[in-house]
$ cat work.txt   # compact mmCIF, N, CA and C atoms
# COMPACT_ATOMS: atom_id res chain seq x y z
N MET O 1 95.20 80.50 76.27
CA MET O 1 95.59 81.09 77.53
C MET O 1 97.02 81.59 77.41
N ALA O 2 97.22 82.90 77.58
CA ALA O 2 98.55 83.50 77.52
C ALA O 2 99.13 83.60 78.93
N THR O 3 100.42 83.32 79.05
CA THR O 3 101.08 83.39 80.35
C THR O 3 102.39 84.15 80.20
N VAL O 4 102.64 85.02 81.16
CA VAL O 4 103.91 85.75 81.24
C VAL O 4 104.51 85.40 82.59
N GLU O 5 105.78 85.02 82.58
CA GLU O 5 106.45 84.71 83.84
C GLU O 5 107.61 85.66 84.05
N LEU O 6 107.69 86.19 85.25
CA LEU O 6 108.73 87.14 85.63
C LEU O 6 109.44 86.59 86.85
N ARG O 7 110.75 86.58 86.82
CA ARG O 7 111.55 86.18 87.98
C ARG O 7 112.52 87.31 88.27
N PHE O 8 112.66 87.64 89.56
CA PHE O 8 113.60 88.69 89.91
C PHE O 8 114.27 88.37 91.23
N SER O 9 115.51 88.85 91.38
CA SER O 9 116.23 88.62 92.63
C SER O 9 115.49 89.34 93.75
N ALA O 10 115.59 88.79 94.94
CA ALA O 10 114.83 89.29 96.09
C ALA O 10 115.41 90.61 96.60
N GLN O 11 115.25 91.63 95.78
CA GLN O 11 115.70 92.98 96.12
C GLN O 11 114.49 93.91 96.04
N PRO O 12 114.30 94.76 97.04
CA PRO O 12 113.12 95.65 97.04
C PRO O 12 113.00 96.52 95.80
N GLU O 13 114.11 96.90 95.21
CA GLU O 13 114.04 97.78 94.05
C GLU O 13 113.41 97.13 92.82
N HIS O 14 113.28 95.80 92.81
CA HIS O 14 112.68 95.11 91.67
C HIS O 14 111.15 95.01 91.78
N VAL O 15 110.61 95.31 92.95
CA VAL O 15 109.16 95.22 93.15
C VAL O 15 108.43 96.19 92.24
N ARG O 16 108.96 97.38 92.07
CA ARG O 16 108.32 98.37 91.20
C ARG O 16 108.21 97.87 89.76
N THR O 17 109.23 97.21 89.28
CA THR O 17 109.20 96.64 87.93
C THR O 17 108.10 95.60 87.83
N ALA O 18 107.98 94.74 88.83
CA ALA O 18 106.93 93.72 88.82
C ALA O 18 105.55 94.36 88.79
N ARG O 19 105.37 95.44 89.54
CA ARG O 19 104.09 96.15 89.54
C ARG O 19 103.76 96.70 88.17
N LEU O 20 104.74 97.31 87.52
CA LEU O 20 104.53 97.91 86.19
C LEU O 20 104.20 96.84 85.15
N VAL O 21 104.92 95.73 85.19
CA VAL O 21 104.66 94.64 84.25
C VAL O 21 103.27 94.06 84.49
N ALA O 22 102.90 93.85 85.75
CA ALA O 22 101.59 93.29 86.07
C ALA O 22 100.47 94.19 85.57
N ALA O 23 100.60 95.48 85.77
CA ALA O 23 99.57 96.42 85.31
C ALA O 23 99.47 96.43 83.79
N ALA O 24 100.59 96.39 83.11
CA ALA O 24 100.58 96.39 81.64
C ALA O 24 99.92 95.12 81.09
N VAL O 25 100.25 93.98 81.66
CA VAL O 25 99.68 92.72 81.18
C VAL O 25 98.19 92.65 81.55
N ALA O 26 97.82 93.15 82.73
CA ALA O 26 96.41 93.17 83.14
C ALA O 26 95.59 94.02 82.18
N ARG O 27 96.12 95.17 81.82
CA ARG O 27 95.43 96.06 80.87
C ARG O 27 95.23 95.34 79.54
N ARG O 28 96.27 94.71 79.05
CA ARG O 28 96.18 93.98 77.77
C ARG O 28 95.19 92.81 77.86
N ALA O 29 95.08 92.20 79.05
CA ALA O 29 94.18 91.06 79.24
C ALA O 29 92.72 91.48 79.33
N GLY O 30 92.45 92.78 79.53
CA GLY O 30 91.08 93.25 79.57
C GLY O 30 90.56 93.54 80.97
N VAL O 31 91.45 93.66 81.94
CA VAL O 31 91.02 94.05 83.28
C VAL O 31 90.57 95.50 83.23
N ASP O 32 89.46 95.80 83.89
CA ASP O 32 88.87 97.14 83.89
C ASP O 32 89.89 98.17 84.36
N GLU O 33 89.95 99.30 83.69
CA GLU O 33 90.89 100.38 84.03
C GLU O 33 90.75 100.82 85.48
N ALA O 34 89.52 100.81 86.00
CA ALA O 34 89.28 101.24 87.38
C ALA O 34 89.92 100.31 88.40
N VAL O 35 90.25 99.11 87.99
CA VAL O 35 90.80 98.10 88.91
C VAL O 35 92.33 98.03 88.83
N LEU O 36 92.92 98.67 87.85
CA LEU O 36 94.37 98.55 87.65
C LEU O 36 95.19 99.03 88.84
N ASP O 37 94.72 100.06 89.53
CA ASP O 37 95.44 100.51 90.73
C ASP O 37 95.45 99.42 91.80
N GLU O 38 94.33 98.73 91.94
CA GLU O 38 94.26 97.62 92.90
C GLU O 38 95.22 96.50 92.51
N VAL O 39 95.30 96.23 91.21
CA VAL O 39 96.23 95.21 90.72
C VAL O 39 97.66 95.61 91.09
N ARG O 40 98.03 96.84 90.79
CA ARG O 40 99.37 97.33 91.11
C ARG O 40 99.68 97.22 92.60
N LEU O 41 98.74 97.69 93.42
CA LEU O 41 98.97 97.67 94.87
C LEU O 41 99.07 96.24 95.40
N ALA O 42 98.18 95.36 94.95
CA ALA O 42 98.19 93.97 95.42
C ALA O 42 99.47 93.26 95.01
N VAL O 43 99.90 93.46 93.78
CA VAL O 43 101.14 92.84 93.32
C VAL O 43 102.33 93.40 94.09
N GLY O 44 102.32 94.70 94.32
CA GLY O 44 103.40 95.31 95.10
C GLY O 44 103.48 94.72 96.50
N GLU O 45 102.34 94.55 97.16
CA GLU O 45 102.31 93.96 98.50
C GLU O 45 102.79 92.51 98.48
N ALA O 46 102.30 91.73 97.51
CA ALA O 46 102.67 90.32 97.44
C ALA O 46 104.17 90.16 97.13
N CYS O 47 104.68 90.97 96.23
CA CYS O 47 106.10 90.90 95.89
C CYS O 47 106.98 91.39 97.04
N SER O 48 106.57 92.46 97.69
CA SER O 48 107.33 92.96 98.84
C SER O 48 107.39 91.91 99.94
N ARG O 49 106.27 91.23 100.14
CA ARG O 49 106.20 90.18 101.14
C ARG O 49 107.16 89.04 100.78
N ALA O 50 107.13 88.61 99.52
CA ALA O 50 108.01 87.52 99.08
C ALA O 50 109.48 87.93 99.21
N VAL O 51 109.80 89.16 98.82
CA VAL O 51 111.18 89.66 98.96
C VAL O 51 111.59 89.62 100.43
N GLY O 52 110.72 90.10 101.31
CA GLY O 52 111.03 90.10 102.74
C GLY O 52 111.24 88.70 103.29
N LEU O 53 110.40 87.77 102.86
CA LEU O 53 110.56 86.38 103.31
C LEU O 53 111.88 85.79 102.83
N HIS O 54 112.21 86.01 101.57
CA HIS O 54 113.47 85.49 101.03
C HIS O 54 114.66 86.07 101.80
N ARG O 55 114.63 87.37 101.99
CA ARG O 55 115.76 88.02 102.66
C ARG O 55 115.89 87.59 104.12
N SER O 56 114.77 87.48 104.82
CA SER O 56 114.84 87.11 106.24
C SER O 56 115.20 85.64 106.45
N HIS O 57 114.99 84.80 105.43
CA HIS O 57 115.35 83.39 105.53
C HIS O 57 116.64 83.05 104.78
N GLY O 58 117.30 84.06 104.25
CA GLY O 58 118.57 83.84 103.55
C GLY O 58 118.45 83.05 102.26
N ILE O 59 117.34 83.18 101.57
CA ILE O 59 117.11 82.44 100.32
C ILE O 59 117.56 83.31 99.15
N THR O 60 118.40 82.75 98.30
CA THR O 60 118.93 83.51 97.16
C THR O 60 118.15 83.26 95.87
N ALA O 61 117.22 82.32 95.89
CA ALA O 61 116.43 82.02 94.69
C ALA O 61 115.57 83.25 94.35
N PRO O 62 115.23 83.41 93.08
CA PRO O 62 114.41 84.56 92.68
C PRO O 62 112.95 84.43 93.12
N VAL O 63 112.30 85.57 93.25
CA VAL O 63 110.86 85.62 93.48
C VAL O 63 110.22 85.38 92.12
N ARG O 64 109.11 84.65 92.10
CA ARG O 64 108.44 84.29 90.85
C ARG O 64 107.08 84.95 90.77
N VAL O 65 106.80 85.59 89.64
CA VAL O 65 105.50 86.20 89.38
C VAL O 65 104.99 85.63 88.06
N VAL O 66 103.81 85.01 88.09
CA VAL O 66 103.22 84.43 86.89
C VAL O 66 101.92 85.17 86.62
N LEU O 67 101.79 85.71 85.41
CA LEU O 67 100.61 86.47 84.99
C LEU O 67 99.87 85.61 83.97
N ILE O 68 98.64 85.24 84.29
CA ILE O 68 97.90 84.27 83.49
C ILE O 68 96.63 84.89 82.94
N GLU O 69 96.53 84.97 81.63
CA GLU O 69 95.34 85.47 80.97
C GLU O 69 94.49 84.28 80.54
N GLU O 70 93.32 84.16 81.14
CA GLU O 70 92.41 83.09 80.80
C GLU O 70 91.22 83.69 80.05
N GLU O 71 90.27 82.85 79.68
CA GLU O 71 89.15 83.33 78.88
C GLU O 71 88.34 84.44 79.56
N LYS O 72 88.03 84.28 80.85
CA LYS O 72 87.20 85.26 81.54
C LYS O 72 87.86 85.86 82.77
N THR O 73 89.09 85.48 83.04
CA THR O 73 89.77 85.98 84.22
C THR O 73 91.23 86.29 83.92
N PHE O 74 91.80 87.09 84.79
CA PHE O 74 93.22 87.39 84.77
C PHE O 74 93.74 87.05 86.15
N ALA O 75 94.77 86.22 86.23
CA ALA O 75 95.30 85.79 87.52
C ALA O 75 96.78 86.13 87.63
N ILE O 76 97.18 86.43 88.84
CA ILE O 76 98.59 86.67 89.14
C ILE O 76 98.97 85.78 90.30
N GLU O 77 100.06 85.04 90.14
CA GLU O 77 100.59 84.21 91.20
C GLU O 77 101.96 84.73 91.58
N VAL O 78 102.15 85.03 92.86
CA VAL O 78 103.44 85.47 93.37
C VAL O 78 103.94 84.37 94.29
N GLY O 79 105.10 83.81 93.93
CA GLY O 79 105.62 82.68 94.69
C GLY O 79 106.94 82.97 95.35
N ASP O 80 107.09 82.41 96.54
CA ASP O 80 108.36 82.47 97.24
C ASP O 80 108.85 81.04 97.45
N GLU O 81 110.07 80.90 97.91
CA GLU O 81 110.62 79.57 98.12
C GLU O 81 110.90 79.29 99.59
N VAL O 82 110.14 79.94 100.47
CA VAL O 82 110.30 79.73 101.91
C VAL O 82 109.38 78.57 102.30
N PRO O 83 109.97 77.46 102.77
CA PRO O 83 109.14 76.30 103.14
C PRO O 83 108.18 76.63 104.28
N SER O 84 107.02 76.00 104.24
CA SER O 84 106.02 76.20 105.27
C SER O 84 106.49 75.58 106.57
N THR O 85 106.08 76.18 107.68
CA THR O 85 106.40 75.61 108.99
C THR O 85 105.30 74.68 109.44
N GLY O 86 104.27 74.56 108.64
CA GLY O 86 103.14 73.67 108.92
C GLY O 86 102.47 73.33 107.62
N SER O 87 101.30 72.78 107.68
CA SER O 87 100.62 72.41 106.44
C SER O 87 99.29 73.13 106.30
N VAL O 88 99.27 74.39 106.69
CA VAL O 88 98.04 75.16 106.62
C VAL O 88 97.94 75.86 105.27
N ALA O 89 96.80 75.78 104.65
CA ALA O 89 96.51 76.55 103.45
C ALA O 89 95.09 77.06 103.60
N ALA O 90 94.84 78.27 103.18
CA ALA O 90 93.50 78.84 103.33
C ALA O 90 93.13 79.63 102.10
N GLU O 91 91.86 79.86 101.95
CA GLU O 91 91.39 80.68 100.84
C GLU O 91 90.54 81.80 101.42
N ALA O 92 90.80 83.01 100.95
CA ALA O 92 90.01 84.14 101.42
C ALA O 92 88.61 84.02 100.84
N PRO O 93 87.59 84.37 101.61
CA PRO O 93 86.23 84.29 101.10
C PRO O 93 86.03 85.23 99.91
N GLU O 94 85.11 84.87 99.05
CA GLU O 94 84.77 85.70 97.90
C GLU O 94 84.14 87.01 98.39
N ALA O 95 84.24 88.05 97.60
CA ALA O 95 83.67 89.38 97.82
C ALA O 95 83.05 89.61 99.18
N GLY O 96 83.65 90.50 99.89
CA GLY O 96 83.08 90.87 101.16
C GLY O 96 83.89 90.33 102.32
N GLY O 97 84.86 91.05 102.73
CA GLY O 97 85.65 90.65 103.89
C GLY O 97 86.66 89.60 103.54
N GLY O 98 87.70 89.53 104.30
CA GLY O 98 88.72 88.53 104.07
C GLY O 98 89.00 87.77 105.34
N ALA O 99 89.69 86.68 105.20
CA ALA O 99 90.10 85.92 106.37
C ALA O 99 91.15 86.71 107.12
N PRO O 100 91.23 86.53 108.43
CA PRO O 100 92.29 87.22 109.17
C PRO O 100 93.64 86.86 108.58
N ALA O 101 94.52 87.84 108.47
CA ALA O 101 95.79 87.63 107.80
C ALA O 101 96.58 86.49 108.40
N GLY O 102 96.55 86.31 109.69
CA GLY O 102 97.31 85.24 110.32
C GLY O 102 96.83 83.86 109.90
N ASP O 103 95.58 83.76 109.42
CA ASP O 103 95.05 82.47 109.00
C ASP O 103 95.42 82.14 107.56
N LEU O 104 95.94 83.10 106.81
CA LEU O 104 96.15 82.89 105.39
C LEU O 104 97.44 82.17 105.04
N TYR O 105 98.44 82.27 105.84
CA TYR O 105 99.76 81.77 105.45
C TYR O 105 100.50 81.34 106.68
N ASP O 106 101.21 80.25 106.63
CA ASP O 106 101.78 79.69 107.84
C ASP O 106 103.30 79.79 107.89
N HIS O 107 103.85 80.92 107.49
CA HIS O 107 105.28 81.18 107.69
C HIS O 107 105.45 81.78 109.06
N ASP O 108 106.68 81.83 109.54
CA ASP O 108 106.94 82.54 110.78
C ASP O 108 106.65 84.00 110.48
N SER O 109 105.49 84.47 110.90
CA SER O 109 105.02 85.79 110.52
C SER O 109 105.42 86.84 111.53
N ASP O 110 105.80 88.00 111.00
CA ASP O 110 105.95 89.16 111.86
C ASP O 110 104.83 90.12 111.49
N GLY O 111 104.77 91.26 112.12
CA GLY O 111 103.68 92.20 111.89
C GLY O 111 103.56 92.66 110.46
N GLU O 112 104.70 92.92 109.79
CA GLU O 112 104.67 93.39 108.41
C GLU O 112 104.09 92.33 107.48
N ASP O 113 104.44 91.07 107.72
CA ASP O 113 103.96 89.97 106.91
C ASP O 113 102.44 89.88 107.01
N GLU O 114 101.92 89.91 108.22
CA GLU O 114 100.48 89.84 108.43
C GLU O 114 99.77 91.06 107.85
N MET O 115 100.39 92.22 107.98
CA MET O 115 99.78 93.45 107.44
C MET O 115 99.70 93.36 105.92
N GLY O 116 100.74 92.86 105.27
CA GLY O 116 100.74 92.71 103.82
C GLY O 116 99.62 91.81 103.35
N LEU O 117 99.40 90.69 104.05
CA LEU O 117 98.31 89.78 103.68
C LEU O 117 96.95 90.43 103.91
N ALA O 118 96.83 91.21 104.96
CA ALA O 118 95.57 91.91 105.22
C ALA O 118 95.28 92.91 104.12
N VAL O 119 96.30 93.63 103.67
CA VAL O 119 96.12 94.61 102.58
C VAL O 119 95.71 93.89 101.31
N ILE O 120 96.37 92.79 100.98
CA ILE O 120 96.05 92.03 99.76
C ILE O 120 94.61 91.54 99.82
N SER O 121 94.20 90.95 100.94
CA SER O 121 92.84 90.42 101.03
C SER O 121 91.80 91.55 100.99
N GLY O 122 92.20 92.77 101.36
CA GLY O 122 91.29 93.91 101.25
C GLY O 122 91.19 94.45 99.84
N LEU O 123 92.24 94.27 99.04
CA LEU O 123 92.26 94.78 97.67
C LEU O 123 91.67 93.82 96.65
N VAL O 124 91.78 92.53 96.91
CA VAL O 124 91.42 91.52 95.92
C VAL O 124 90.31 90.64 96.49
N ASP O 125 89.20 90.52 95.75
CA ASP O 125 88.09 89.70 96.21
C ASP O 125 88.40 88.21 96.13
N ASP O 126 89.16 87.80 95.14
CA ASP O 126 89.44 86.38 94.93
C ASP O 126 90.93 86.12 95.17
N VAL O 127 91.26 85.73 96.39
CA VAL O 127 92.65 85.47 96.79
C VAL O 127 92.75 84.06 97.34
N GLU O 128 93.79 83.36 96.93
CA GLU O 128 94.08 82.04 97.48
C GLU O 128 95.54 82.04 97.89
N VAL O 129 95.81 81.65 99.12
CA VAL O 129 97.16 81.62 99.64
C VAL O 129 97.47 80.20 100.06
N THR O 130 98.53 79.63 99.47
CA THR O 130 98.91 78.26 99.80
C THR O 130 100.39 78.21 100.14
N SER O 131 100.75 77.17 100.87
CA SER O 131 102.14 77.00 101.26
C SER O 131 102.42 75.51 101.46
N ASP O 132 103.61 75.10 101.05
CA ASP O 132 104.03 73.73 101.30
C ASP O 132 105.54 73.71 101.51
N ASP O 133 106.14 72.54 101.43
CA ASP O 133 107.58 72.43 101.68
C ASP O 133 108.44 73.11 100.62
N ASP O 134 107.85 73.41 99.46
CA ASP O 134 108.60 74.06 98.37
C ASP O 134 108.46 75.58 98.38
N GLY O 135 107.58 76.10 99.22
CA GLY O 135 107.37 77.54 99.28
C GLY O 135 105.90 77.89 99.27
N GLY O 136 105.62 79.18 99.11
CA GLY O 136 104.24 79.64 99.14
C GLY O 136 103.86 80.37 97.86
N VAL O 137 102.56 80.44 97.63
CA VAL O 137 102.03 81.14 96.46
C VAL O 137 100.80 81.93 96.88
N ILE O 138 100.77 83.17 96.46
CA ILE O 138 99.57 83.99 96.60
C ILE O 138 98.98 84.12 95.20
N ARG O 139 97.77 83.61 95.01
CA ARG O 139 97.09 83.68 93.70
C ARG O 139 95.94 84.68 93.82
N MET O 140 95.97 85.69 92.97
CA MET O 140 94.96 86.74 92.95
C MET O 140 94.29 86.72 91.59
N THR O 141 92.96 86.82 91.55
CA THR O 141 92.23 86.73 90.29
C THR O 141 91.25 87.88 90.15
N TRP O 142 91.18 88.43 88.93
CA TRP O 142 90.25 89.50 88.59
C TRP O 142 89.48 89.12 87.34
N PRO O 143 88.22 89.56 87.21
CA PRO O 143 87.49 89.31 85.97
C PRO O 143 88.02 90.21 84.86
N THR O 144 87.87 89.77 83.64
CA THR O 144 88.25 90.59 82.49
C THR O 144 86.98 91.10 81.80
N ALA O 145 87.16 91.97 80.83
CA ALA O 145 86.02 92.52 80.09
C ALA O 145 85.24 91.41 79.40
N HIS O 146 85.93 90.32 79.06
CA HIS O 146 85.28 89.19 78.38
C HIS O 146 84.30 88.49 79.32
N ALA O 147 84.49 88.65 80.64
CA ALA O 147 83.64 87.97 81.62
C ALA O 147 82.33 88.73 81.86
N VAL O 148 82.27 89.99 81.47
CA VAL O 148 81.09 90.81 81.72
C VAL O 148 80.05 90.50 80.63
N ALA O 149 78.89 90.04 81.06
CA ALA O 149 77.83 89.72 80.11
C ALA O 149 77.08 90.98 79.73
N LEU O 150 76.85 91.15 78.47
CA LEU O 150 76.09 92.30 78.00
C LEU O 150 74.60 91.99 78.06
N PRO O 151 73.76 92.96 78.47
CA PRO O 151 72.30 92.70 78.58
C PRO O 151 71.64 92.52 77.25
$ encode --input "work.txt" --output "structure tokens"
Amino acid sequence: MATVELRFSAQPEHVRTARLVAAAVARRAGVDEAVLDEVRLAVGEACSRAVGLHRSHGITAPVRVVLIEEEKTFAIEVGDEVPSTGSVAAEAPEAGGGAPAGDLYDHDSDGEDEMGLAVISGLVDDVEVTSDDDGGVIRMTWPTAHAVALP
């Protein structure tokens, strides 16, 4: 299992770099070319959300992006260090619709935050959003070419 970890200061201009790195690693991991745009968009939304949370809460710690290549899947985890205001964690249902954005993450949400989660859950079939006292993580998973069974 190969892992790439990226940390960047919570500045909007670094989100584009995270998107480019995520797409390059996803391609190398065997994610279908047709899905790479979704990977880029989802990572951009998740990173923008984390940057916004850090900035609005005055957190100077870097945003964390972990790219994980497993045998049959490729996963991306985008983490922030904004403590949860409660102990809610939810998982978006598999393929076909997502949970309402407000149910996915329990930070003090504004409209942009909820919209970002709605976009992510629309782009990625397998999304898990968790939060605790140490911060939150959005984990997104895609199948790789190795996961596709040949007839």
$ closest_residue --input "work.txt" --among "O:Val63, O:Val43, O:Leu6, O:Val15" --to "Ile120 in chain O" --atoms "only C-alpha atoms"
O:Val43
$ atom_distance --input "work.txt" --atom1 "atom N of Thr144 in chain O" --atom2 "atom N of Leu36 in chain O"
11.1 Å
$ atom_distance --input "work.txt" --atom1 "atom N of Asp32 in chain O" --atom2 "atom N of Phe74 in chain O"
9.1 Å
$ closest_residue --input "work.txt" --among "O:Val35, O:Ser48, O:Gly136, O:Gly122" --to "Arg16 in chain O" --atoms "all atoms listed in the file"
O:Ser48
$ atom_distance --input "work.txt" --atom1 "atom N of Val65 in chain O" --atom2 "atom N of Ala22 in chain O"
9.9 Å
$ residues_around --input "work.txt" --residues "Leu123 in chain O" --least-positions-apart "2" --cutoff "7 Å" --atoms "only N, CA and C atoms" --output "PyMOL selection string"
chain O and resi 38-39+42+118-121+125-126
$ residues_around --input "work.txt" --residues "Val4 in chain O" --least-positions-apart "2" --cutoff "7 Å" --atoms "only N, CA and C atoms" --output "PyMOL selection string"
chain O and resi 2+6+65-69
$ closest_residue --input "work.txt" --among "O:Pro12, O:Ala46, O:Val51, O:Asp37" --to "Val127 in chain O" --atoms "only C-alpha atoms"
O:Ala46
$ closest_residue --input "work.txt" --among "O:Ala23, O:Ala18, O:Asp132, O:Phe8" --to "Thr85 in chain O" --atoms "all atoms listed in the file"
O:Asp132
$ residues_around --input "work.txt" --residues "Ala29 in chain O" --least-positions-apart "2" --cutoff "6.5 Å" --atoms "all atoms listed in the file" --output "ChimeraX atom specification"
/O:24-27,31,69,144-145
$ closest_residue --input "work.txt" --among "O:Arg49, O:His14, O:Arg55, O:Arg64" --to "Ile76 in chain O" --atoms "only C-alpha atoms"
O:Arg64
